[in-house]
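Read through the structure below, which is laid out as structure tokens, and then see the notes.
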Amino acid sequence: MSRPSFRFPDGFHWGAATSAYQIEGSPLADGAGPSIWQRFAHTPGMMANGDTGDVACDHYRRYREDVQLMKALGLHGYRFSINWARVLPEGTGRVNPKGLDFYSRLVDELLEHGIAPNATLFHWDLPAALDDRGGWLNRDIAHWFAEYAEVMFKALDDRVPRWSTLNEPWVVTDGGYLHGALAPGHRSKYEAPLAAHNLMRASGAGIQAYRAHGRHEIGVVFNIEPKYPHSDRAEDVAATRRAHAYMNQQFADPALLGSYPPELKEIFGDAWPDFPADDFKLTKQKVDFVGINYYTRAVVKHDPNQYPLQATPVRQPNRTYTETGWEVFEQGLTDTLTWFKQRYGDIPLYITENGSAFYDPPVVENGVLDDPLRTSYLRKHLGALHKAIAAGVNLKGYYAWSLLDNLEWSLGFSKRFGLYHVDFATQQRTPKATAKLYAQVIASNGSVL
Ligand SMILES: CO[C@H](O)c1c[n+]2c([nH]1)[C@H](O)[C@@H](O)[C@H](O)[C@H]2CO
């Protein structure tokens with residue numbers, strides 16, 4: 001039987017992704033202001049092993065070397081994020097020219113090597129000065145974000161063809177405002193809905209600013225984790241519906257439909273405000289694309305003790321799980337993409353993150369570190385993409401998470417997602433076998449799978 005052809009559509013965009021606080025280091029260099037992650041990481045007890053982004057992958061200084069790694073992969077594009085506080089140390093007002101200059105140099109280096117920059121304006125590292133003014137709990141942040149976005153568009157839109165306003169607003173609110181595991185470390189069911197809503201108001205304001213100044217494409221990036229009921233019992237089905245609305249619709253609905261799913265009032269009760277109808281004229285803006293970050297699925301059962309969803313994930317027997325506790329379930333990627341098209345229409349989509357953290361024995365042969373579990377994950381998920389494309393999903397590209405092993409937020413450096421291994425003591429980068437496979441996939445537009 002002939003091997004299935006996994007050739008992707010002509011012009012399919014292949015990239016890799018990172019984010020500022022996870023790789024740059026030098027968080028306060030050259031006039032940068034502190035972010036909430038700078039503060040969170042330096043708060044005792046918040047970070048595994050006391051790890052911080054003070055050095056990380058030292059990308060702020062080594063970016064030219066890292067662009068060479070991207071070139072070696074044959075990347076078409078590179079998705080990175082901008083540290084808002086490098087550019088606007090107080091979050092608004094005064095621009096720091098040296099901070100802006102770093103991103104201008106990075107963009108020029110990418111373009112010089114034929115790699116398209118894909119810039120995310122906000123990947124969790126809010127300027128601390130704005131957090132001091134209420135941060136995502138202050139409705140004024142929609143204007144603060146639009147001001148920052150306009151600074152970036154005016155400076156870089158001549159060279160940046162693709163922008164995203166936010167990366168994963170769900171993680172910001174669930175981790176940063178409801179459960180407190182991420183910066184700014186709040187734990188309030190009353191704050192989480194306010195932060196969620198203001199994130200989407202800010203994203204809408206950023207898109208409006210782009211329509212006034214930008215000439216290319218802008219979108220927003222959501223994490224989507226498909227939810228499957230543990231049983232066909234009504235309580236499990238209802239719990240699955242709540243979990244799906246909470247993670248997968250809470251942010252895409254206001255952005256693309258101009259409304260919230262009714263489950264959110266059911267979940268948050270008196271903590272869910274009646275937001276002004278006019279707000280949805282701001283949250284709902286025409287986007288040029290949506291980025292979807294996919295890693296895994298969840299099998300959900302009813303749990304009256306779990307807050308606030310009354311739902312909990314069920315570990316599946318005889319399945320492979322990554323170091324971050326995520327089941328390898330590539331069918332969920334196909335299901336996610338077909339669901340998204342069915343609910344929101346034929347919007348151009350990118351997979352803006354997909355990857356896996358596995359422990360790799362530090363065995364390097366012929367300059368390559370073998371990582372069979374990560375390689376298998378990549379093969380399976382690219383195959384799942386091909387199924388979605390065959391089903392009619394308008395998928396334009398894929399960004400592997402991540403270019404480099406990096407700071408996995410409060411989990412520190414222990415969870416390694418990189419195509420390149422990083423020795424954080426020496427900053428040596430070493431390609432993994434998955435990097436070699438990905439380079440072949442890019443060169444053959446998927447045919448080698
Ligand atoms: C809950 O999973 C999310 O989709 C997700 C996974 N990830 C992310 N979001 C973030 O965007 C990255 O900064 C993380 O490093 C990466 C790996 O954990």
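Residue numbering restarts at 1 for every chain of the structure tokens, chains are lettered A, B, ... in their displayed order, and ligands are numbered from 1 as they appear.
Residues surrounding Ala433 in chain A within 12 Å are Leu73, Asp360, Val363, Val364, Glu365, Asn366, Gly367, Val368, Leu369, Asp370, Asp371, Pro372, Leu373, Arg374, Thr375, Ser376, Leu378, Gly418, Leu419, Tyr420, His421, Thr430, Lys436, Leu437, Tyr438, Ala439 and Gln440 of chain A [only C-alpha atoms; sequence separation below 3 positions excluded].
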Can you tell me which residues surround Gly31 in chain A at a distance of at most 9 Å, considering only C-alpha atoms, apart from same-chain residues fewer than 2 positions away, and format the answer as a ChimeraX atom specification? /A:28-29,33,86-87,89,96-99
Identify, with DSSP run on backbone atoms, the residues in range 5-251 of chain A assigned to alpha helix (DSSP H), and express the list as a PyMOL selection string. chain A and resi 20-23+36-41+59-73+84-87+97-112+128-131+141-156+169-173+191-213+234-244
Option closest in space to Ile115 in chain A, from A:Ala72, A:Leu130, A:Leu199, A:Val441 [counting only C-alpha atoms]: A:Ala72
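Compared by their closest atoms to ligand 1, and using only C-alpha atoms and all ligand atoms, the residues A:Asp270, A:Glu225, A:Asp346, A:Asp335 rank with A:Glu225 nearest.
Considering the residues A:Ser402, A:Asn318, A:Gln285, A:Ser444 and counting only C-alpha atoms and all ligand atoms, ligand 1 has its shortest atom-to-atom contact with A:Ser402.
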Quick one: residues within 10 Å of range 299-311 of chain A, only C-alpha atoms counted, chain neighbours fewer than 5 positions away excluded, as a ChimeraX atom specification? /A:178-179,189,226-244,246,263-264,266-269,316,327
Counting only C-alpha atoms and all ligand atoms, which residues in chain A sit no more than 9 Å from ligand 1? For each one, give the nearest pair of atoms and the distance in Å, sorted by chain then residue number, as JSON lines.
{"residue": "A:Ala17", "atom": "CA", "partner": "ligand 1", "partner_atom_place_in_ligand_line": "12 (C)", "distance": 8.9}
{"residue": "A:Thr18", "atom": "CA", "partner": "ligand 1", "partner_atom_place_in_ligand_line": "13 (O)", "distance": 7.1}
{"residue": "A:Ser19", "atom": "CA", "partner": "ligand 1", "partner_atom_place_in_ligand_line": "13 (O)", "distance": 6.2}
{"residue": "A:Tyr21", "atom": "CA", "partner": "ligand 1", "partner_atom_place_in_ligand_line": "13 (O)", "distance": 8.8}
{"residue": "A:Gln22", "atom": "CA", "partner": "ligand 1", "partner_atom_place_in_ligand_line": "13 (O)", "distance": 7.2}
{"residue": "A:His123", "atom": "CA", "partner": "ligand 1", "partner_atom_place_in_ligand_line": "11 (O)", "distance": 7.2}
{"residue": "A:Trp124", "atom": "CA", "partner": "ligand 1", "partner_atom_place_in_ligand_line": "13 (O)", "distance": 8.3}
{"residue": "A:Asn167", "atom": "CA", "partner": "ligand 1", "partner_atom_place_in_ligand_line": "11 (O)", "distance": 6.3}
{"residue": "A:Glu168", "atom": "CA", "partner": "ligand 1", "partner_atom_place_in_ligand_line": "11 (O)", "distance": 6.4}
{"residue": "A:Trp170", "atom": "CA", "partner": "ligand 1", "partner_atom_place_in_ligand_line": "1 (C)", "distance": 8.7}
{"residue": "A:Val171", "atom": "CA", "partner": "ligand 1", "partner_atom_place_in_ligand_line": "1 (C)", "distance": 6.8}
{"residue": "A:Val221", "atom": "CA", "partner": "ligand 1", "partner_atom_place_in_ligand_line": "11 (O)", "distance": 8.9}
{"residue": "A:Phe222", "atom": "CA", "partner": "ligand 1", "partner_atom_place_in_ligand_line": "4 (O)", "distance": 7.8}
{"residue": "A:Asn223", "atom": "CA", "partner": "ligand 1", "partner_atom_place_in_ligand_line": "4 (O)", "distance": 4.4}
{"residue": "A:Ile224", "atom": "CA", "partner": "ligand 1", "partner_atom_place_in_ligand_line": "4 (O)", "distance": 6.6}
{"residue": "A:Glu225", "atom": "CA", "partner": "ligand 1", "partner_atom_place_in_ligand_line": "4 (O)", "distance": 7.3}
{"residue": "A:Ile292", "atom": "CA", "partner": "ligand 1", "partner_atom_place_in_ligand_line": "4 (O)", "distance": 8.4}
{"residue": "A:Asn293", "atom": "CA", "partner": "ligand 1", "partner_atom_place_in_ligand_line": "4 (O)", "distance": 5.1}
{"residue": "A:Tyr294", "atom": "CA", "partner": "ligand 1", "partner_atom_place_in_ligand_line": "4 (O)", "distance": 5.5}
{"residue": "A:Tyr295", "atom": "CA", "partner": "ligand 1", "partner_atom_place_in_ligand_line": "4 (O)", "distance": 5.8}
{"residue": "A:Thr296", "atom": "CA", "partner": "ligand 1", "partner_atom_place_in_ligand_line": "2 (O)", "distance": 7.8}
{"residue": "A:Thr324", "atom": "CA", "partner": "ligand 1", "partner_atom_place_in_ligand_line": "18 (O)", "distance": 7.5}
{"residue": "A:Trp326", "atom": "CA", "partner": "ligand 1", "partner_atom_place_in_ligand_line": "2 (O)", "distance": 8.9}
{"residue": "A:Thr352", "atom": "CA", "partner": "ligand 1", "partner_atom_place_in_ligand_line": "11 (O)", "distance": 8.8}
{"residue": "A:Glu353", "atom": "CA", "partner": "ligand 1", "partner_atom_place_in_ligand_line": "11 (O)", "distance": 7.0}
{"residue": "A:Asn354", "atom": "CA", "partner": "ligand 1", "partner_atom_place_in_ligand_line": "6 (C)", "distance": 7.8}
{"residue": "A:Gly355", "atom": "CA", "partner": "ligand 1", "partner_atom_place_in_ligand_line": "17 (C)", "distance": 7.4}
{"residue": "A:Ser356", "atom": "CA", "partner": "ligand 1", "partner_atom_place_in_ligand_line": "17 (C)", "distance": 7.6}
{"residue": "A:Ala357", "atom": "CA", "partner": "ligand 1", "partner_atom_place_in_ligand_line": "17 (C)", "distance": 7.9}
{"residue": "A:Trp401", "atom": "CA", "partner": "ligand 1", "partner_atom_place_in_ligand_line": "16 (C)", "distance": 6.9}
{"residue": "A:Ser402", "atom": "CA", "partner": "ligand 1", "partner_atom_place_in_ligand_line": "15 (O)", "distance": 7.6}
{"residue": "A:Asn406", "atom": "CA", "partner": "ligand 1", "partner_atom_place_in_ligand_line": "15 (O)", "distance": 7.7}
{"residue": "A:Leu407", "atom": "CA", "partner": "ligand 1", "partner_atom_place_in_ligand_line": "15 (O)", "distance": 7.3}
{"residue": "A:Glu408", "atom": "CA", "partner": "ligand 1", "partner_atom_place_in_ligand_line": "15 (O)", "distance": 5.1}
{"residue": "A:Trp409", "atom": "CA", "partner": "ligand 1", "partner_atom_place_in_ligand_line": "15 (O)", "distance": 6.9}
{"residue": "A:Lys415", "atom": "CA", "partner": "ligand 1", "partner_atom_place_in_ligand_line": "18 (O)", "distance": 8.3}
{"residue": "A:Arg416", "atom": "CA", "partner": "ligand 1", "partner_atom_place_in_ligand_line": "17 (C)", "distance": 8.9}
{"residue": "A:Phe417", "atom": "CA", "partner": "ligand 1", "partner_atom_place_in_ligand_line": "17 (C)", "distance": 7.1}
For each of A:Gln427, A:Ala181, A:Ala388, A:Ala196, take the minimum atom-to-atom distance to Met47 in chain A, counting only C-alpha atoms, then give the residue where this is smallest. A:Ala181
Using only C-alpha atoms, which residues sit within 12 Å of Thr426 in chain A once same-chain residues fewer than 2 positions away are excluded, as a list in words? Val55, Ala56, Cys57, Asp58, His421, Val422, Asp423, Phe424, Gln428, Arg429 and Thr430 of chain A
